[in-house]
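This report refers to the structure that appears directly beneath it.
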Amino acid sequence: MAGEEHIIDLKHVSKRFGDKVVLDDINLYVRKGEFVTLLGPSGCGKTTTLRLISGFLAPDEGEILLDGKDISRIPPYKRPFNTVFQRYALFPHLDVYENIAFGLKLQKVPEDEIEKRVKRVLKLVSMSDYEDRDVESLSGGQQQRVAIARALVNQPKILLLDEPLAALDLKMRKDMQIELKEMHKKLGITFIYVTHDQEEALTLSDTIVVMNEGKIQQIGTPTDIYNEPVNCFVADFIGESNILKGRMLRDRRVAFIKHEFDCVDEGFGEDVPVDVVVRPEDIYFTTDPAKCQFKATVNSCTFKGVHYEMWVDTDTGYELMIQDYDPYEVGTEVMLYIDPDDIQVMRKERTRNVFEGRMVDETHVEMLGGSFECLPQDGLSAGDPVSVEVRFEAVDLLDHQEDGVIAGEVHFLLYKGDHYHLTILTDFGDHIWVDTNDIWDKGDLVGINFAQKDLKISKRNEA
Amino acid sequence: MKRSHWSIPYVVFMAIFVVLPLLLVMLYAFQDESGRFTLANITRFFSDSDALGTFAVSLEVAIENTLICILLGYPAAWILANKELNRSAVTIILFIMPMWINALMRTLATAEIFNMIGIPLGKGTLLFGMVYDYLPFMIYPIYNVLAKMDRSYLEAAQDLGATPWKVFWKITVPLSMPGVTSGILMVFMPTVSTFAISEFLTNNKIKLFGTIIQENINSSMWNYGAALAFIMLIIIGITTMFSGERKEAEEALI
């Protein structure tokens with residue numbers, strides 16, 4: 001299994017494409033023999049990270065170390081890594097044997113040695129007897145196997161895999177996952193794997209690196225990531241979850257959905273706002289009134305193959321998702337409880353919006369690329385730098401972009417049991433966080449405005 | 001009206017302007033002046049040392065022209081298709097623009113320039129004119145294939161340890177062969193039969209196969225002219241078949 005020795009180190013790596021920052025201060029190491037997965041939605045920077053390691057891109061800042069030596073300026077053909085590409089990229093003018101032998105021929109390996117190694121690797125990917133086949137006559141799954149064989153035959157120090165299973169159908173993907181895992185065990189080569197499929201990441205990896213918007217969100221083992229997500233993004237991205245607003249009352253006591261629960265988390269302080277994650281399979285039904293922590297009514301029940309997925313309305317007006325092997329009829333009143341172990345408490349990343357701006361005159365403040373009306377501000381004059389606080393609930397979202405002072409789009413959304421928490425990306429690239437009961441979809445274009453009374457303005461000292 | 005009926009005008013057009021002339025060429029080729037069937041026209045060619053010599057020169061010039069076009073056109077197409085080297089469409093237009101002017105005018109102008117600066121007309125000027133006229137026909141199909149080529153092949157090759165030079169020879173060149181093939185078809189075939197370029201740029205000092213066909217027809221020797229044209233058709237037909245991978249070569253033009 002994975003040793004302690006680092007084979008790859010990324011130190012303070014940043015990458016920009018034009019003005020857009022695609023990787024922002026990435027720090028990451030990979031241990032020898034480890035199966036590491038870079039996981040995240042499209043555009044999160046995972047493929048860029050892989051291309052920096054393979055050498056097709058150079059970092060703007062930071063360094064990439066291989067066995068402690070900086071390789072960030074070494075061209076890809078001199079790096080001892082091989083890649084399995086998403087669309088396979090098998091050479092159409094060469095047959096299966098020639099494709100696999102390509103790398104070995106370049107290294108001037110003797111012909112009989114090449115033949116031995118190609119045969120061995122074809123056997124490894126269960127493709128013996130396909131040597132003379134034209135690559136274009138192979139199925140997607142077979143092409144994938146040849147692509148893996150072509151990379152492995154060179155005995156790379158690291159095998160890089162860029163969403164290698166994305167183009168396969170579900171059944172074949174599952175089979176290939178098992179085979180990849182077995183190959184990794186058998187060969188002892190370090191695998192760095194890129195995917196947007198969280199299930200794939202959980203199945204395959206020793207370590208998962210969750211990325212979003214060019215930043216690493218969390219690094220950990222699959223169980224760590226699943227059971228102890230560090231923020232709402234990770235909790236939402238990995239598996240199904242109920243993400244709820246809560247308050248840490250004191251050590252090992254948390255309140256959410258207007259009930260109090262025992263938990264195992266400590267060190268948050270007293271009466272601190274937090275986010276709480278409860279996995280749907282961790283909410284249990286009971287018939288014992290002594291065990292019951294809260295009551296709810298089932299409002300939908302869907303069979304999902306192995307389990308039933310139910311939505312319940314709690315007696316305090318929150319919606320929760322529950323997964324259980326036994327179905328409960330819609331309309332049934334049920335008693336529920338959650339184990340202290342299964343409540344994951346997360347520090348809130350922020351509790352309100354804070355924008356930096358500047359007074360235009362006594363009743364206008366300029367921020368986020370627009371000029372907003374505010375209540376008359378005593379003691380502030382035009383040109384003064386200010387910081388403006390706006391509560392999440394106080395942001396007005398309008399259907400038409402032109403109706404708002406500024407415009408933006410819904411970038412990310414989370415359901416928090418009784419309201420939605422949205423991240424709005426403005427046209428000027430700022431983020432605004434919003435709590436709302438209205439239903440929006442990702443990508444919706446919105447106008448943004450604030451009521452005068454909701455802008456809490458204070459003078460900011462300019463450094 | 002059925003969809004297939006829409007093709008009727010084209011079928012009629014092809015029949016009148018392609019099939020019928022070809023049949024007429026064949027008919028004339030196998031007739032003597034009084035209209036009786038004969039093989040004399042064909043056999044006359046193979047015993048006519050003048051015609052055979054011209055034919056050999058034609059082939060030689062066409063092969064040389066094609067080779068020069070490949071040597072000049074391939075790098076040009078590669079540079080045009082390389083987005084890092086060629087960031088604007090202007091260069092592509094500059095390569096295509098000469099084709100907007102009639103080939104005869106260009107050839108005449110070229111001849112005048114040679115006369116003006118005192119370069120004697122001959123084989124060199126002939127080849128210059130041919131390359132000048134036909135180079136775009138070589139560049140375009142190669143450019144087309146290169147521009148459409150999946151960049152992931154190049155990356156895969158580098159990933160497997162190929163230097164940029166090896167990537168070019170082992171991946172780019174083999175994958176662009178359909179473009180080269182169709183470039184050859186488009187340059188070689190017309191140069192075998194051209195006569196105007198040699199007329200203007202060598203003052204008919206060098207006769208090409210096209211020239212003798214034209215001379216025969218001009219002096220009303222229709223049957224022999226038709227026979228020569230027929231022989232040329234057969235030769236071009238054979239080269240087309242030899243160039244193989246027809247389908248891919250045709251795709252390169254799209």
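In the structure tokens, each chain is lettered A, B, ... as it comes, each chain's residues begin at 1, and ligands are numbered from 1 in order of appearance.
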
Determine, counting only C-alpha atoms, which protein, DNA and RNA residues have an atom within 10 Å of an atom of A:Leu10; residues of the same chain fewer than 3 positions away are not included. Present the result as an MDAnalysis selection string. chainID A and resid 13:14 25:30 49 52:53 62:66 70 72

Could the residues of chain B that have an atom at most 8 Å from chain A be listed as a tab-separated table, each with its closest atom pair and the distance in Å to one decimal, counting only C-alpha atoms and ordered by chain and ascending residue number?
```
residue	atom	partner	partner_atom	distance
B:Ser152	CA	A:Ala89	CA	5.7
B:Tyr153	CA	A:Ala89	CA	5.3
B:Glu155	CA	A:Phe56	CA	7.8
B:Ala156	CA	A:Ala89	CA	6.4
B:Ala157	CA	A:Gly103	CA	7.9
B:Gln158	CA	A:Tyr77	CA	4.9
B:Asp159	CA	A:Tyr77	CA	5.4
B:Leu160	CA	A:Gly103	CA	4.9
B:Gly161	CA	A:Tyr77	CA	4.0
B:Ala162	CA	A:Tyr77	CA	5.7
B:Thr163	CA	A:Tyr77	CA	6.2
B:Ile171	CA	A:Phe91	CA	7.7
B:Pro174	CA	A:His93	CA	7.2
B:Leu175	CA	A:His93	CA	6.8
```

Within 7 Å of B:Thr202 using only C-alpha atoms, minus same-chain residues under 3 positions, as a PyMOL selection string: chain B and resi 121-122+126+198-199+205-206

Residue nearest A:Phe233 among A:Glu349, A:Glu136, A:Glu309, A:Glu199 (counting only C-alpha atoms): A:Glu349

Please extract the residues of stretch 20-106 of chain B with a backbone DSSP assignment of alpha helix (DSSP H) and present them as a ChimeraX atom specification. /B:20-29,40-47,49-81,90-96,103-106

Got a sec: who's within 8 Å of A:Asn227, counting only C-alpha atoms, leaving out chain neighbours fewer than 2 positions off, as number ranges by chain? A: 223-225, 229, 342, 344

Keeping only N, CA and C atoms, write the selected residues to a file as a short mmCIF file (atom, residue, chain, number, x, y, z; two decimals), in the first residue's frame.
```cif
data_model
loop_
_atom_site.label_atom_id
_atom_site.label_comp_id
_atom_site.auth_asym_id
_atom_site.auth_seq_id
_atom_site.Cartn_x
_atom_site.Cartn_y
_atom_site.Cartn_z
N THR A 223 -13.86 7.68 3.13
CA THR A 223 -14.76 7.71 4.29
C THR A 223 -14.71 9.06 5.00
N ASP A 224 -13.51 9.64 5.11
CA ASP A 224 -13.40 10.98 5.71
C ASP A 224 -14.25 11.98 4.96
N ILE A 225 -14.08 11.96 3.64
CA ILE A 225 -14.76 12.95 2.81
C ILE A 225 -16.27 12.78 2.91
N PRO A 229 -17.46 15.94 5.77
CA PRO A 229 -17.20 17.01 4.80
C PRO A 229 -16.88 18.31 5.54
N ASP A 342 -23.65 10.69 13.76
CA ASP A 342 -24.01 10.94 12.37
C ASP A 342 -24.30 12.40 12.07
N GLN A 344 -22.82 15.86 11.40
CA GLN A 344 -21.54 16.48 11.06
C GLN A 344 -21.73 18.00 11.13
#
```

Residue among B:Trp169, B:Phe200, B:Tyr134, B:Phe209 lying closest to B:Phe188, counting only C-alpha atoms: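 For B:Phe188, the nearest of the given residues is B:Tyr134.
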
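The two atoms in question, atom CA of A:Asn212 and atom CA of A:Phe237, are spaced 9.9 Å apart.
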
What lies within 10 Å of B:Gln31 using only C-alpha atoms, ignoring chain neighbours under 4 positions off, as a list in words? Met26, Leu27, Gly35, Arg36, Phe37, Thr38, Leu39, Ala40, Asn41, Trp222, Asn223, Tyr224, Ala226 and Ala227 of chain B

If we count only C-alpha atoms and set the cut-off at 8 Å, which residues sit around A:His421, ignoring sequence neighbours fewer than 5 positions away in its own chain? Please answer as a PyMOL selection string. chain A and resi 413-416+433-436

Just the selected residues (C-alpha atoms), exported as a tab-separated table (two decimals), in the first residue's frame, please.
```tsv
chain	number	residue	atom	x	y	z
A	413	LEU	CA	-27.45	26.42	-4.96
A	414	LEU	CA	-28.13	24.41	-1.83
A	415	TYR	CA	-31.45	23.40	-0.31
A	416	LYS	CA	-31.30	23.89	3.43
A	433	TRP	CA	-24.76	34.90	-1.08
A	434	VAL	CA	-28.51	34.82	-0.82
A	435	ASP	CA	-31.09	33.01	1.33
A	436	THR	CA	-34.45	32.80	-0.39
```

From the options B:Leu201, B:Ala56, B:Val167, B:Met177, which residue's atoms come nearest to B:Thr107, counting only C-alpha atoms? B:Leu201

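Taking only C-alpha atoms, the non-local environment of B:Ile68 within 9 Å (same-chain residues fewer than 5 positions away omitted) comprises Ile63, Gly73, Leu127, Val131 and Leu135 of chain B.
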
Enumerate, as a VMD selection string, the complete set of residues in stretch 305-341 of chain A that a backbone-based DSSP assignment places in strand (DSSP E). chain A and resid 308 to 314 319 to 324 333 to 338

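Picture a line from atom CA of A:Met335 to atom CA of A:Cys263; it runs 19.0 Å.
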